[in-house]
$ cat upload05.cif   # mmCIF, C-alpha atoms
data_my_file
loop_
_atom_site.group_PDB
_atom_site.id
_atom_site.type_symbol
_atom_site.label_atom_id
_atom_site.label_comp_id
_atom_site.auth_asym_id
_atom_site.auth_seq_id
_atom_site.Cartn_x
_atom_site.Cartn_y
_atom_site.Cartn_z
ATOM 1 C CA MET A 25 17.819 23.601 21.212
ATOM 2 C CA PRO A 26 16.453 20.834 18.963
ATOM 3 C CA LEU A 27 16.528 17.224 20.060
ATOM 4 C CA GLU A 28 18.620 15.264 17.549
ATOM 5 C CA VAL A 29 17.809 11.679 16.616
ATOM 6 C CA ASP A 30 20.505 9.745 14.769
ATOM 7 C CA ALA A 31 18.625 7.061 12.832
ATOM 8 C CA ARG A 32 21.233 6.630 10.088
ATOM 9 C CA GLY A 33 21.559 3.027 9.014
ATOM 10 C CA LEU A 34 18.662 1.848 11.158
ATOM 11 C CA PRO A 35 16.081 -0.465 9.569
ATOM 12 C CA CYS A 36 12.377 0.271 9.211
ATOM 13 C CA PRO A 37 10.451 1.251 11.288
ATOM 14 C CA GLN A 38 13.038 2.504 13.796
ATOM 15 C CA PRO A 39 13.537 6.013 12.286
ATOM 16 C CA VAL A 40 9.791 6.662 12.502
ATOM 17 C CA ILE A 41 9.424 5.306 16.039
ATOM 18 C CA LEU A 42 12.486 7.160 17.357
ATOM 19 C CA THR A 43 11.209 10.379 15.785
ATOM 20 C CA ARG A 44 7.746 9.882 17.270
ATOM 21 C CA ASN A 45 9.269 9.389 20.725
ATOM 22 C CA ALA A 46 11.412 12.509 20.333
ATOM 23 C CA MET A 47 8.351 14.548 19.286
ATOM 24 C CA ARG A 48 6.774 13.648 22.626
ATOM 25 C CA GLU A 49 9.750 15.173 24.472
ATOM 26 C CA ALA A 50 10.668 18.261 22.428
ATOM 27 C CA GLU A 51 9.093 20.972 20.307
ATOM 28 C CA GLU A 52 11.895 20.805 17.755
ATOM 29 C CA VAL A 53 13.480 17.593 16.469
ATOM 30 C CA ILE A 54 16.177 16.856 13.900
ATOM 31 C CA THR A 55 16.192 13.292 12.623
ATOM 32 C CA LEU A 56 19.153 12.020 10.617
ATOM 33 C CA VAL A 57 18.389 9.236 8.130
ATOM 34 C CA SER A 58 20.274 7.510 5.345
ATOM 35 C CA ALA A 59 17.697 7.101 2.562
ATOM 36 C CA GLN A 60 15.001 9.065 0.719
ATOM 37 C CA ASP A 61 12.236 6.611 1.622
ATOM 38 C CA GLN A 62 13.066 7.129 5.313
ATOM 39 C CA VAL A 63 12.760 10.879 4.735
ATOM 40 C CA ALA A 64 9.290 10.331 3.259
ATOM 41 C CA ASN A 65 8.197 8.084 6.141
ATOM 42 C CA VAL A 66 9.360 10.520 8.853
ATOM 43 C CA ARG A 67 7.871 13.466 6.946
ATOM 44 C CA ARG A 68 4.457 11.739 6.783
ATOM 45 C CA LEU A 69 4.552 11.071 10.539
ATOM 46 C CA ALA A 70 5.374 14.699 11.364
ATOM 47 C CA GLU A 71 2.958 16.285 8.896
ATOM 48 C CA LYS A 72 0.151 14.006 10.067
ATOM 49 C CA ALA A 73 0.731 15.386 13.569
ATOM 50 C CA GLY A 74 0.587 18.953 12.198
ATOM 51 C CA TRP A 75 4.298 19.744 12.563
ATOM 52 C CA ARG A 76 6.359 21.747 10.045
ATOM 53 C CA VAL A 77 9.038 19.828 8.146
ATOM 54 C CA HIS A 78 12.197 20.966 6.372
ATOM 55 C CA VAL A 79 14.732 18.543 4.858
ATOM 56 C CA GLU A 80 18.356 19.199 3.968
ATOM 57 C CA ALA A 81 21.265 17.075 2.803
ATOM 58 C CA ARG A 82 23.958 16.537 5.417
ATOM 59 C CA GLY A 83 26.904 14.745 3.842
ATOM 60 C CA GLU A 84 25.617 11.379 2.662
ATOM 61 C CA ALA A 85 22.630 11.585 5.024
ATOM 62 C CA PHE A 86 19.478 13.683 5.268
ATOM 63 C CA ALA A 87 18.577 15.958 8.168
ATOM 64 C CA ILE A 88 14.833 16.253 8.739
ATOM 65 C CA HIS A 89 14.018 19.374 10.777
ATOM 66 C CA ILE A 90 10.647 19.004 12.496
ATOM 67 C CA THR A 91 9.073 21.907 14.378
ATOM 68 C CA LYS A 92 5.867 22.028 16.366
ATOM 69 C CA PRO A 93 3.775 25.053 15.328
ATOM 70 C CA GLN A 94 3.399 27.601 18.135
ATOM 71 C CA ALA A 95 -0.287 28.196 17.435
ATOM 72 C CA ALA A 96 -1.288 24.523 17.295
ATOM 73 C CA PRO A 97 -1.184 22.900 20.746
ATOM 74 C CA GLN A 98 -3.528 20.201 19.470
ATOM 75 C CA ALA A 99 -0.712 19.050 17.172
ATOM 76 C CA GLN A 100 1.286 17.719 20.146
ATOM 77 C CA LEU A 101 1.941 14.049 19.647
ATOM 78 C CA THR A 102 0.781 12.212 22.762
ATOM 79 C CA PRO A 103 0.373 8.435 22.914
ATOM 80 C CA ALA A 104 -3.415 8.753 22.733
ATOM 81 C CA GLU A 105 -3.321 11.147 19.779
ATOM 82 C CA SER A 106 -0.776 9.103 17.875
ATOM 83 C CA ALA A 107 -3.005 6.012 17.967
ATOM 84 C CA PRO A 108 -5.163 5.573 14.864
ATOM 85 C CA SER A 109 -8.862 6.316 15.141
ATOM 86 C CA PRO A 110 -10.931 3.249 14.359
ATOM 87 C CA ALA A 111 -12.728 3.556 11.031
ATOM 88 C CA PRO A 112 -15.480 0.929 11.065
ATOM 89 C CA GLY A 113 -15.919 0.851 7.299
ATOM 90 C CA ARG A 114 -12.284 1.147 6.215
ATOM 91 C CA ARG A 115 -11.301 -1.727 3.926
ATOM 92 C CA VAL A 116 -7.675 -2.876 3.702
ATOM 93 C CA VAL A 117 -6.401 -5.575 1.358
ATOM 94 C CA VAL A 118 -3.067 -7.176 2.252
ATOM 95 C CA ILE A 119 -1.038 -8.821 -0.529
ATOM 96 C CA SER A 120 1.738 -11.011 0.889
ATOM 97 C CA SER A 121 2.767 -12.847 -2.285
ATOM 98 C CA ASP A 122 3.179 -12.242 -5.999
ATOM 99 C CA ARG A 123 1.026 -15.319 -6.591
ATOM 100 C CA MET A 124 -2.499 -16.129 -5.397
ATOM 101 C CA GLY A 125 -2.875 -19.395 -3.530
ATOM 102 C CA ARG A 126 -0.494 -22.352 -3.375
ATOM 103 C CA GLY A 127 0.329 -24.798 -6.108
ATOM 104 C CA GLU A 128 1.168 -23.961 -9.697
ATOM 105 C CA ASP A 129 3.105 -20.684 -9.977
ATOM 106 C CA GLU A 130 1.755 -19.858 -13.427
ATOM 107 C CA LEU A 131 -1.826 -20.369 -12.287
ATOM 108 C CA GLY A 132 -1.140 -18.332 -9.141
ATOM 109 C CA LEU A 133 -0.016 -15.369 -11.238
ATOM 110 C CA ILE A 134 -3.068 -15.655 -13.515
ATOM 111 C CA LEU A 135 -5.325 -15.683 -10.439
ATOM 112 C CA MET A 136 -3.556 -12.675 -8.878
ATOM 113 C CA ARG A 137 -3.900 -10.649 -12.062
ATOM 114 C CA SER A 138 -7.562 -11.600 -12.329
ATOM 115 C CA PHE A 139 -8.148 -10.709 -8.675
ATOM 116 C CA LEU A 140 -6.538 -7.274 -9.000
ATOM 117 C CA TYR A 141 -8.508 -6.556 -12.159
ATOM 118 C CA ALA A 142 -11.756 -7.610 -10.470
ATOM 119 C CA LEU A 143 -10.897 -5.495 -7.424
ATOM 120 C CA GLY A 144 -10.857 -2.448 -9.680
ATOM 121 C CA GLU A 145 -14.288 -3.274 -11.079
ATOM 122 C CA VAL A 146 -16.218 -4.011 -7.889
ATOM 123 C CA GLU A 147 -17.830 -1.487 -5.555
ATOM 124 C CA PRO A 148 -16.648 -0.337 -3.166
ATOM 125 C CA VAL A 149 -12.907 -0.501 -3.809
ATOM 126 C CA PRO A 150 -10.634 -0.864 -0.774
ATOM 127 C CA GLN A 151 -9.255 2.328 0.727
ATOM 128 C CA THR A 152 -5.783 0.835 1.191
ATOM 129 C CA MET A 153 -3.706 -2.008 -0.191
ATOM 130 C CA ILE A 154 -0.564 -3.200 1.604
ATOM 131 C CA PHE A 155 2.141 -5.166 -0.215
ATOM 132 C CA PHE A 156 4.840 -7.078 1.680
ATOM 133 C CA ASN A 157 7.126 -10.102 1.312
ATOM 134 C CA THR A 158 7.105 -11.246 -2.356
ATOM 135 C CA GLY A 159 3.939 -9.206 -2.887
ATOM 136 C CA VAL A 160 6.144 -6.119 -3.352
ATOM 137 C CA LYS A 161 7.325 -7.585 -6.665
ATOM 138 C CA LEU A 162 3.880 -6.787 -8.072
ATOM 139 C CA THR A 163 4.544 -3.039 -7.651
ATOM 140 C CA ALA A 164 7.959 -3.016 -9.338
ATOM 141 C CA GLU A 165 9.200 -2.631 -12.884
ATOM 142 C CA GLY A 166 8.452 -5.732 -14.955
ATOM 143 C CA SER A 167 5.358 -6.708 -12.958
ATOM 144 C CA PRO A 168 2.530 -8.066 -15.128
ATOM 145 C CA VAL A 169 -0.096 -6.274 -12.998
ATOM 146 C CA LEU A 170 1.158 -2.671 -13.053
ATOM 147 C CA GLU A 171 -1.756 -1.602 -15.234
ATOM 148 C CA GLU A 172 -4.289 -3.041 -12.783
ATOM 149 C CA LEU A 173 -2.537 -1.432 -9.797
ATOM 150 C CA ALA A 174 -2.270 1.935 -11.553
ATOM 151 C CA ALA A 175 -6.010 1.782 -12.273
ATOM 152 C CA LEU A 176 -6.745 1.100 -8.598
ATOM 153 C CA GLN A 177 -4.479 3.942 -7.523
ATOM 154 C CA ALA A 178 -6.220 6.259 -10.008
ATOM 155 C CA ARG A 179 -9.503 5.406 -8.275
ATOM 156 C CA GLY A 180 -8.087 6.663 -4.983
ATOM 157 C CA VAL A 181 -6.766 3.418 -3.499
ATOM 158 C CA GLU A 182 -3.759 4.059 -1.256
ATOM 159 C CA ILE A 183 -0.987 1.562 -2.049
ATOM 160 C CA LEU A 184 1.634 0.992 0.652
ATOM 161 C CA VAL A 185 4.739 -1.020 -0.235
ATOM 162 C CA CYS A 186 7.011 -2.453 2.464
ATOM 163 C CA GLY A 187 10.420 -0.751 2.221
ATOM 164 C CA THR A 188 12.241 -3.535 4.084
ATOM 165 C CA CYS A 189 10.885 -6.091 1.610
ATOM 166 C CA LEU A 190 11.923 -3.937 -1.356
ATOM 167 C CA ASP A 191 15.433 -3.682 0.103
ATOM 168 C CA TYR A 192 15.583 -7.440 0.569
ATOM 169 C CA PHE A 193 14.725 -8.097 -3.082
ATOM 170 C CA GLY A 194 16.800 -5.167 -4.402
ATOM 171 C CA LEU A 195 13.720 -3.469 -5.870
ATOM 172 C CA LYS A 196 13.571 -0.121 -4.071
ATOM 173 C CA ASP A 197 14.653 1.859 -7.148
ATOM 174 C CA ARG A 198 12.289 -0.068 -9.435
ATOM 175 C CA VAL A 199 8.938 0.668 -7.768
ATOM 176 C CA GLN A 200 6.407 1.866 -10.344
ATOM 177 C CA VAL A 201 3.243 2.242 -8.289
ATOM 178 C CA GLY A 202 2.425 3.033 -4.665
ATOM 179 C CA THR A 203 4.288 4.612 -1.762
ATOM 180 C CA ILE A 204 7.322 3.029 -0.128
ATOM 181 C CA SER A 205 6.224 2.612 3.468
ATOM 182 C CA ASN A 206 7.418 1.189 6.775
ATOM 183 C CA MET A 207 6.198 -1.351 9.298
ATOM 184 C CA TYR A 208 5.029 1.323 11.745
ATOM 185 C CA THR A 209 2.651 2.812 9.167
ATOM 186 C CA ILE A 210 1.564 -0.652 8.041
ATOM 187 C CA ALA A 211 0.795 -1.711 11.639
ATOM 188 C CA GLU A 212 -1.067 1.552 12.264
ATOM 189 C CA THR A 213 -3.131 1.078 9.089
ATOM 190 C CA LEU A 214 -4.036 -2.503 9.954
ATOM 191 C CA LEU A 215 -5.082 -1.562 13.496
ATOM 192 C CA ALA A 216 -7.315 1.208 12.157
ATOM 193 C CA ALA A 217 -8.988 -1.027 9.585
ATOM 194 C CA GLY A 218 -12.612 -2.044 9.906
ATOM 195 C CA HIS A 219 -12.198 -4.909 7.428
ATOM 196 C CA THR A 220 -8.937 -6.619 6.453
ATOM 197 C CA ILE A 221 -8.556 -9.174 3.664
ATOM 198 C CA THR A 222 -5.267 -11.048 3.274
ATOM 199 C CA VAL A 223 -4.466 -12.601 -0.100
#

$ encode --input "upload05.cif" --output "structure tokens"
Amino acid sequence: MPLEVDARGLPCPQPVILTRNAMREAEEVITLVSAQDQVANVRRLAEKAGWRVHVEARGEAFAIHITKPQAAPQAQLTPAESAPSPAPGRRVVVISSDRMGRGEDELGLILMRSFLYALGEVEPVPQTMIFFNTGVKLTAEGSPVLEELAALQARGVEILVCGTCLDYFGLKDRVQVGTISNMYTIAETLLAAGHTITV
């Protein structure tokens, strides 16, 4: 019988963490969540561990059925296996504001746009960019740097956008670039980074 996790209404990253813990105890898990971005976050966790995933609507919620493959014992999620492997050369850029530096807002936006453009021109580009706090505004509709971010994404840069921050600013349905993520994935990415730059 599957182990059921009721994560409806819980904030990020609790649905992911509760699901991870359940995967350590059972070979079949059903996680209930309230929003599509939570579905995506739990799905990424399970698929990364090699588990099969099936999602269905259940009333106003989503039921994520997660099953451990019979022929893949190495896919079991143990604490050691769930920890990220250090990648000495992995470069992560963290954007915590929609402006660069402190002082004049207009100048800060000019600098941020210039920085993101330059980031797309230098070698090597970062593997991952993380946007949180007011930095998430740069990934949403109306942002003056969408073209620069789309160019970086086209070059293979992974763009993670904090879902809690998007909720706070009411921007979750206006994201134009990147993947809506959660604090568990963000923490995991930062811990696996070889080089981290915070702007």

$ atom_distance --input "upload05.cif" --atom1 "atom CA of Ile221 of chain A" --atom2 "atom CA of Val116 of chain A"
6.4 Å

$ resolve_selection --input "upload05.cif" --expression "the PyMOL selection byres ((chain A and resi 197-209) around 8)" --output "PyMOL selection string"
chain A and resi 36-37+40-41+61+65+163-165+170+173-174+177+182-188+194-196+210-213

$ residues_around --input "upload05.cif" --residues "Thr91 of chain A" --least-positions-apart "6" --cutoff "12 Å" --atoms "all atoms listed in the file" --output "list in words"
Met25, Pro26, Leu27, Thr43, Ala46, Met47, Arg48, Ala50, Glu51, Glu52, Val53, Ile54, Thr55, Arg67, Ala70, Glu71, Ala73, Gly74, Trp75, Arg76, Val77, His78, Val79, Ala99, Gln100 and Leu101 of chain A

$ write_last_selection --input "upload05.cif" --atoms "C-alpha atoms" --output "tab-separated table (two decimals), in the frame of the given file"
chain	number	residue	atom	x	y	z
A	25	MET	CA	17.82	23.60	21.21
A	26	PRO	CA	16.45	20.83	18.96
A	27	LEU	CA	16.53	17.22	20.06
A	43	THR	CA	11.21	10.38	15.78
A	46	ALA	CA	11.41	12.51	20.33
A	47	MET	CA	8.35	14.55	19.29
A	48	ARG	CA	6.77	13.65	22.63
A	50	ALA	CA	10.67	18.26	22.43
A	51	GLU	CA	9.09	20.97	20.31
A	52	GLU	CA	11.90	20.80	17.76
A	53	VAL	CA	13.48	17.59	16.47
A	54	ILE	CA	16.18	16.86	13.90
A	55	THR	CA	16.19	13.29	12.62
A	67	ARG	CA	7.87	13.47	6.95
A	70	ALA	CA	5.37	14.70	11.36
A	71	GLU	CA	2.96	16.28	8.90
A	73	ALA	CA	0.73	15.39	13.57
A	74	GLY	CA	0.59	18.95	12.20
A	75	TRP	CA	4.30	19.74	12.56
A	76	ARG	CA	6.36	21.75	10.04
A	77	VAL	CA	9.04	19.83	8.15
A	78	HIS	CA	12.20	20.97	6.37
A	79	VAL	CA	14.73	18.54	4.86
A	99	ALA	CA	-0.71	19.05	17.17
A	100	GLN	CA	1.29	17.72	20.15
A	101	LEU	CA	1.94	14.05	19.65

$ closest_residue --input "upload05.cif" --among "A:Val181, A:Leu56, A:Ala81, A:Ala87" --to "Leu143 of chain A" --atoms "only C-alpha atoms"
A:Val181

$ closest_residue --input "upload05.cif" --among "A:Gln151, A:Ser120, A:Thr158, A:Gln94" --to "Thr222 of chain A" --atoms "all atoms listed in the file"
A:Ser120

$ residues_around --input "upload05.cif" --residues "Leu42 of chain A" --least-positions-apart "3" --cutoff "8 Å" --atoms "only C-alpha atoms" --output "PDB file with C-alpha atoms, keeping the file's coordinate frame"
ATOM      1  CA  VAL A  29      17.809  11.679  16.616  1.00  0.00           C
ATOM      2  CA  ALA A  31      18.625   7.061  12.832  1.00  0.00           C
ATOM      3  CA  GLN A  38      13.038   2.504  13.796  1.00  0.00           C
ATOM      4  CA  PRO A  39      13.537   6.013  12.286  1.00  0.00           C
ATOM      5  CA  ASN A  45       9.269   9.389  20.725  1.00  0.00           C
ATOM      6  CA  ALA A  46      11.412  12.509  20.333  1.00  0.00           C
TER       7      ALA A  46
END

$ atom_distance --input "upload05.cif" --atom1 "atom CA of Val149 of chain A" --atom2 "atom CA of Val118 of chain A"
13.3 Å

$ axis_aligned_box --input "upload05.cif" --around "segment 208-221 of chain A" --padding-each-side "3 Å" --output "lines of an AutoDock Vina configuration file"
center_x = -3.8
center_y = -3.2
center_z = 8.6
size_x = 23.6
size_y = 18.0
size_z = 15.8

$ closest_residue --input "upload05.cif" --among "A:Gly125, A:Arg115, A:Ser167, A:Ile134" --to "Glu147 of chain A" --atoms "all atoms listed in the file"
A:Arg115

$ residues_around --input "upload05.cif" --residues "Ser138 of chain A" --least-positions-apart "4" --cutoff "12 Å" --atoms "all atoms listed in the file" --output "PyMOL selection string"
chain A and resi 123-124+131-134+142-145+168-169+171-173

$ resolve_selection --input "upload05.cif" --expression "the PyMOL selection byres ((chain A and resi 155) around 6)" --output "PyMOL selection string"
chain A and resi 119-120+154+156+159-160+185

$ closest_residue --input "upload05.cif" --among "A:Arg137, A:Lys161, A:Arg82, A:Arg126" --to "Val57 of chain A" --atoms "all atoms listed in the file"
A:Arg82
